[in-house]
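Below is model15.cif, holding mmCIF, C-alpha atoms.
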data_structure
loop_
_atom_site.label_atom_id
_atom_site.label_comp_id
_atom_site.auth_asym_id
_atom_site.auth_seq_id
_atom_site.Cartn_x
_atom_site.Cartn_y
_atom_site.Cartn_z
CA MET A 1 0.00 0.00 0.00
CA PHE A 2 2.84 2.41 0.81
CA LEU A 3 4.38 1.81 -2.58
CA ALA A 4 1.05 2.60 -4.25
CA ALA A 5 0.90 5.84 -2.24
CA LEU A 6 3.96 7.13 -4.09
CA GLY A 7 2.01 7.63 -7.34
CA PRO A 8 -0.44 10.31 -6.19
CA SER A 9 2.13 12.01 -3.96
CA THR A 10 4.64 12.13 -6.82
CA THR A 11 1.99 13.76 -9.00
CA ILE A 12 1.29 16.38 -6.34
CA PHE A 13 4.96 17.17 -5.79
CA GLY A 14 5.60 17.32 -9.54
CA VAL A 15 3.26 20.30 -9.61
CA VAL A 16 4.97 21.78 -6.54
CA ALA A 17 8.38 21.43 -8.25
CA GLU A 18 7.08 23.22 -11.35
CA LEU A 19 5.75 26.07 -9.22
CA CYS A 20 9.11 26.35 -7.44
CA SER A 21 11.01 26.45 -10.73
CA VAL A 22 9.11 29.57 -11.80
CA GLY A 23 10.78 31.56 -9.03
CA ALA A 24 14.21 30.24 -9.97
CA ILE A 25 13.75 31.19 -13.62
CA ALA A 26 12.58 34.68 -12.70
CA THR A 27 15.55 35.07 -10.35
CA VAL A 28 18.07 33.95 -13.00
CA SER A 29 16.61 36.45 -15.44
CA THR A 30 16.58 39.36 -13.00
CA VAL A 31 20.05 38.77 -11.51
CA SER A 32 21.52 38.23 -14.98
CA ARG A 33 19.98 41.46 -16.25
CA MET A 34 21.25 43.40 -13.22
CA SER A 35 24.71 41.88 -13.56
CA ALA A 36 24.90 42.68 -17.28
CA ALA A 37 23.81 46.26 -16.62
CA LYS A 38 26.73 46.60 -14.21
CA GLY A 39 24.36 46.64 -11.29
CA GLY A 40 26.10 47.24 -8.02
CA LYS A 41 26.77 44.44 -5.60
CA GLN A 42 24.49 46.18 -3.13
CA GLU A 43 21.47 46.00 -5.47
CA ILE A 44 22.12 42.37 -6.35
CA GLN A 45 22.59 41.46 -2.68
CA SER A 46 19.35 43.26 -1.82
CA LEU A 47 17.54 41.34 -4.57
CA MET A 48 18.96 38.04 -3.30
CA ASP A 49 17.91 38.84 0.28
CA THR A 50 14.42 39.70 -0.87
CA ALA A 51 14.21 36.56 -3.00
CA VAL A 52 15.28 34.31 -0.12
CA ARG A 53 12.82 35.94 2.28
CA GLY A 54 10.05 35.70 -0.29
CA SER A 55 10.84 32.06 -0.99
CA LEU A 56 10.79 31.26 2.72
CA PHE A 57 7.37 32.85 3.18
CA GLY A 58 6.13 31.38 -0.10
CA GLY A 59 7.39 27.94 0.88
CA VAL A 60 5.67 28.10 4.25
CA ALA A 61 2.46 29.23 2.53
CA MET A 62 2.76 26.35 0.02
CA THR A 63 3.32 23.89 2.88
CA LEU A 64 0.28 25.11 4.78
CA GLY A 65 -1.85 25.27 1.63
CA LEU A 66 -0.85 21.79 0.56
CA ASN A 67 -1.65 20.38 4.00
CA LEU A 68 -5.05 22.07 3.93
CA LEU A 69 -5.87 20.98 0.38
CA VAL A 70 -4.41 17.47 0.35
CA ARG A 71 -7.78 15.75 0.87
CA PRO A 72 -9.51 17.50 -2.07
CA MET A 73 -6.43 16.86 -4.24
CA LEU A 74 -6.51 13.16 -3.38
CA HIS A 75 -10.20 13.04 -4.20
CA LEU A 76 -9.45 14.71 -7.54
CA LEU A 77 -6.78 12.06 -8.19
CA HIS A 78 -9.34 9.32 -7.34
CA CYS A 79 -7.30 8.27 -4.33
CA ASP A 80 -9.85 7.25 -1.74
CA GLY A 81 -10.03 4.60 0.94
CA PRO A 82 -7.19 3.15 2.96
CA MET A 83 -4.51 4.34 0.55
CA SER A 84 -5.63 7.92 1.12
CA ALA A 85 -4.35 7.86 4.69
CA ALA A 86 -0.91 6.66 3.58
CA VAL A 87 -0.72 9.31 0.86
CA HIS A 88 -1.87 12.01 3.27
CA ALA A 89 0.82 11.09 5.80
CA TYR A 90 3.53 11.00 3.13
CA VAL A 91 2.47 14.33 1.62
CA THR A 92 2.31 15.96 5.05
CA VAL A 93 5.85 14.93 5.95
CA ARG A 94 7.29 15.68 2.53
CA ALA A 95 5.63 19.11 2.48
CA LEU A 96 7.79 20.19 5.40
CA GLY A 97 10.73 20.38 2.98
CA ILE A 98 9.05 22.73 0.51
CA PRO A 99 10.42 25.98 2.03
CA PHE A 100 13.98 24.63 1.90
CA PHE A 101 13.50 23.30 -1.63
CA LEU A 102 12.21 26.69 -2.75
CA ILE A 103 15.09 28.54 -1.07
CA SER A 104 17.65 26.25 -2.75
CA ASN A 105 16.00 26.83 -6.13
CA ILE A 106 16.05 30.61 -5.64
CA LEU A 107 19.69 30.64 -4.49
CA GLU A 108 20.66 28.42 -7.41
CA GLY A 109 18.93 30.92 -9.70
CA CYS A 110 20.85 33.78 -8.12
CA LEU A 111 24.19 32.04 -8.59
CA ILE A 112 23.46 31.03 -12.17
CA GLY A 113 22.36 34.61 -12.86
CA LEU A 114 25.81 35.67 -11.63
CA ARG A 115 27.32 33.09 -14.03
CA ASP A 116 28.44 30.75 -11.25
CA ALA A 117 27.22 27.27 -12.08
CA VAL A 118 29.87 25.44 -10.03
CA THR A 119 28.81 26.53 -6.53
CA PRO A 120 25.28 25.03 -6.77
CA LEU A 121 26.81 21.74 -7.90
CA ARG A 122 29.15 21.73 -4.92
CA VAL A 123 26.30 22.51 -2.54
CA TYR A 124 24.14 19.71 -3.96
CA LEU A 125 27.08 17.30 -3.83
CA TRP A 126 27.81 18.06 -0.17
CA SER A 127 24.15 18.01 0.81
CA GLY A 128 23.87 14.59 -0.84
CA VAL A 129 26.88 13.36 1.14
CA VAL A 130 25.40 14.68 4.40
CA ALA A 131 22.02 13.10 3.62
CA ALA A 132 23.68 9.76 2.83
CA VAL A 133 25.62 9.84 6.10
CA LEU A 134 22.54 10.75 8.14
#
Structure encoded using C-alpha cells:
Amino acid sequence: MFLAALGPSTTIFGVVAELCSVGAIATVSTVSRMSAAKGGKQEIQSLMDTAVRGSLFGGVAMTLGLNLLVRPMLHLLHCDGPMSAAVHAYVTVRALGIPFFLISNILEGCLIGLRDAVTPLRVYLWSGVVAAVL
C-alpha cells in the first residue's frame, strides 16, 4: 500500500516542483539582467535577500496550503479509501521540505544569474553526502 501511495504524492509534488522552478527562472533572469547592466553588488545582494525571504514565506504558505488541500487533491486524483491515509501522511511529511527546496531553487537561480554554475553543484554534492551519512 505504501508503494502505491507514491504515485499520487509524486503527481502532487511534480506540480509543486514546477511552481518552485518559476521563481528560480525569474531570479536567474533578474540577476543576470542586473549583472549585465553593471548593477552594483548592493542592489544584487538586496535582490537576493528579498528573493530568499520571499521564498521562505512562499514555501511556508505552500506547505500550509498543501496540507489544507491534500484531501480535495486526493479526491481529484481518485485516491480514496485506505490508501488515502498513507498518501496524506507521506504528503504531510514531505511538504515540510518545501520551504527549503524553494530557497535552494532561488539561491541556485541567483548564482546562475551571476554566471556561477559550479557553486550550486558543490552545494548539492555536499548536501547529498550529508544526507547519505545521516
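Closest to Val28 in chain A among A:Val133, A:Val93, A:Val70, A:Cys110 is A:Cys110, based on all atoms listed in the file.
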Which polymer residues have any atom within 10 Å of an atom of Ile112 in chain A, counting all atoms listed in the file, with same-chain residues fewer than 3 positions away left out, as an mmCIF file with C-alpha atoms, keeping the file's coordinate frame?
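Contents of the output file out_36.cif:
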data_model
loop_
_atom_site.group_PDB
_atom_site.id
_atom_site.type_symbol
_atom_site.label_atom_id
_atom_site.label_comp_id
_atom_site.auth_asym_id
_atom_site.auth_seq_id
_atom_site.Cartn_x
_atom_site.Cartn_y
_atom_site.Cartn_z
ATOM 1 C CA ALA A 24 14.210 30.240 -9.970
ATOM 2 C CA ILE A 25 13.750 31.190 -13.620
ATOM 3 C CA THR A 27 15.550 35.070 -10.350
ATOM 4 C CA VAL A 28 18.070 33.950 -13.000
ATOM 5 C CA SER A 29 16.610 36.450 -15.440
ATOM 6 C CA VAL A 31 20.050 38.770 -11.510
ATOM 7 C CA SER A 32 21.520 38.230 -14.980
ATOM 8 C CA ILE A 106 16.050 30.610 -5.640
ATOM 9 C CA LEU A 107 19.690 30.640 -4.490
ATOM 10 C CA GLU A 108 20.660 28.420 -7.410
ATOM 11 C CA GLY A 109 18.930 30.920 -9.700
ATOM 12 C CA ARG A 115 27.320 33.090 -14.030
ATOM 13 C CA ASP A 116 28.440 30.750 -11.250
ATOM 14 C CA ALA A 117 27.220 27.270 -12.080
ATOM 15 C CA VAL A 118 29.870 25.440 -10.030
ATOM 16 C CA THR A 119 28.810 26.530 -6.530
ATOM 17 C CA PRO A 120 25.280 25.030 -6.770
#
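Across the structure, CA of Pro72 in chain A and CA of Asn105 in chain A are spaced 27.5 Å apart.
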Checklist line | Selection: 9 Å around Asn67 in chain A, all atoms listed in the file, excl. self and same-chain fewer than 3 positions, as number ranges by chain | finding: A: 62-64, 70-71, 88, 91-92, 95
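Atom to atom, CA of Leu77 in chain A and CA of Thr11 in chain A stand 9.0 Å apart.
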I'd like the residues picked by the PyMOL selection byres ((chain A and resi 96-101) around 6) written out as a CSV table (one decimal) with C-alpha atoms, in the coordinates of the input, using the chain letters and numbers from the file.
chain,number,residue,atom,x,y,z
A,56,LEU,CA,10.8,31.3,2.7
A,59,GLY,CA,7.4,27.9,0.9
A,60,VAL,CA,5.7,28.1,4.2
A,93,VAL,CA,5.8,14.9,6.0
A,94,ARG,CA,7.3,15.7,2.5
A,95,ALA,CA,5.6,19.1,2.5
A,102,LEU,CA,12.2,26.7,-2.8
A,103,ILE,CA,15.1,28.5,-1.1
A,104,SER,CA,17.6,26.2,-2.8
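CA of Thr10 in chain A sits 14.3 Å away from CA of His78 in chain A.
Here, the PyMOL selection byres ((chain A and resi 45) around 12) matches Val31, Met34, Ser35, Gly39, Gly40, Lys41, Gln42, Glu43, Ile44, Ser46, Leu47, Met48, Asp49, Thr50, Ala51, Val52, Leu107, Cys110, Leu111 and Leu114 of chain A.
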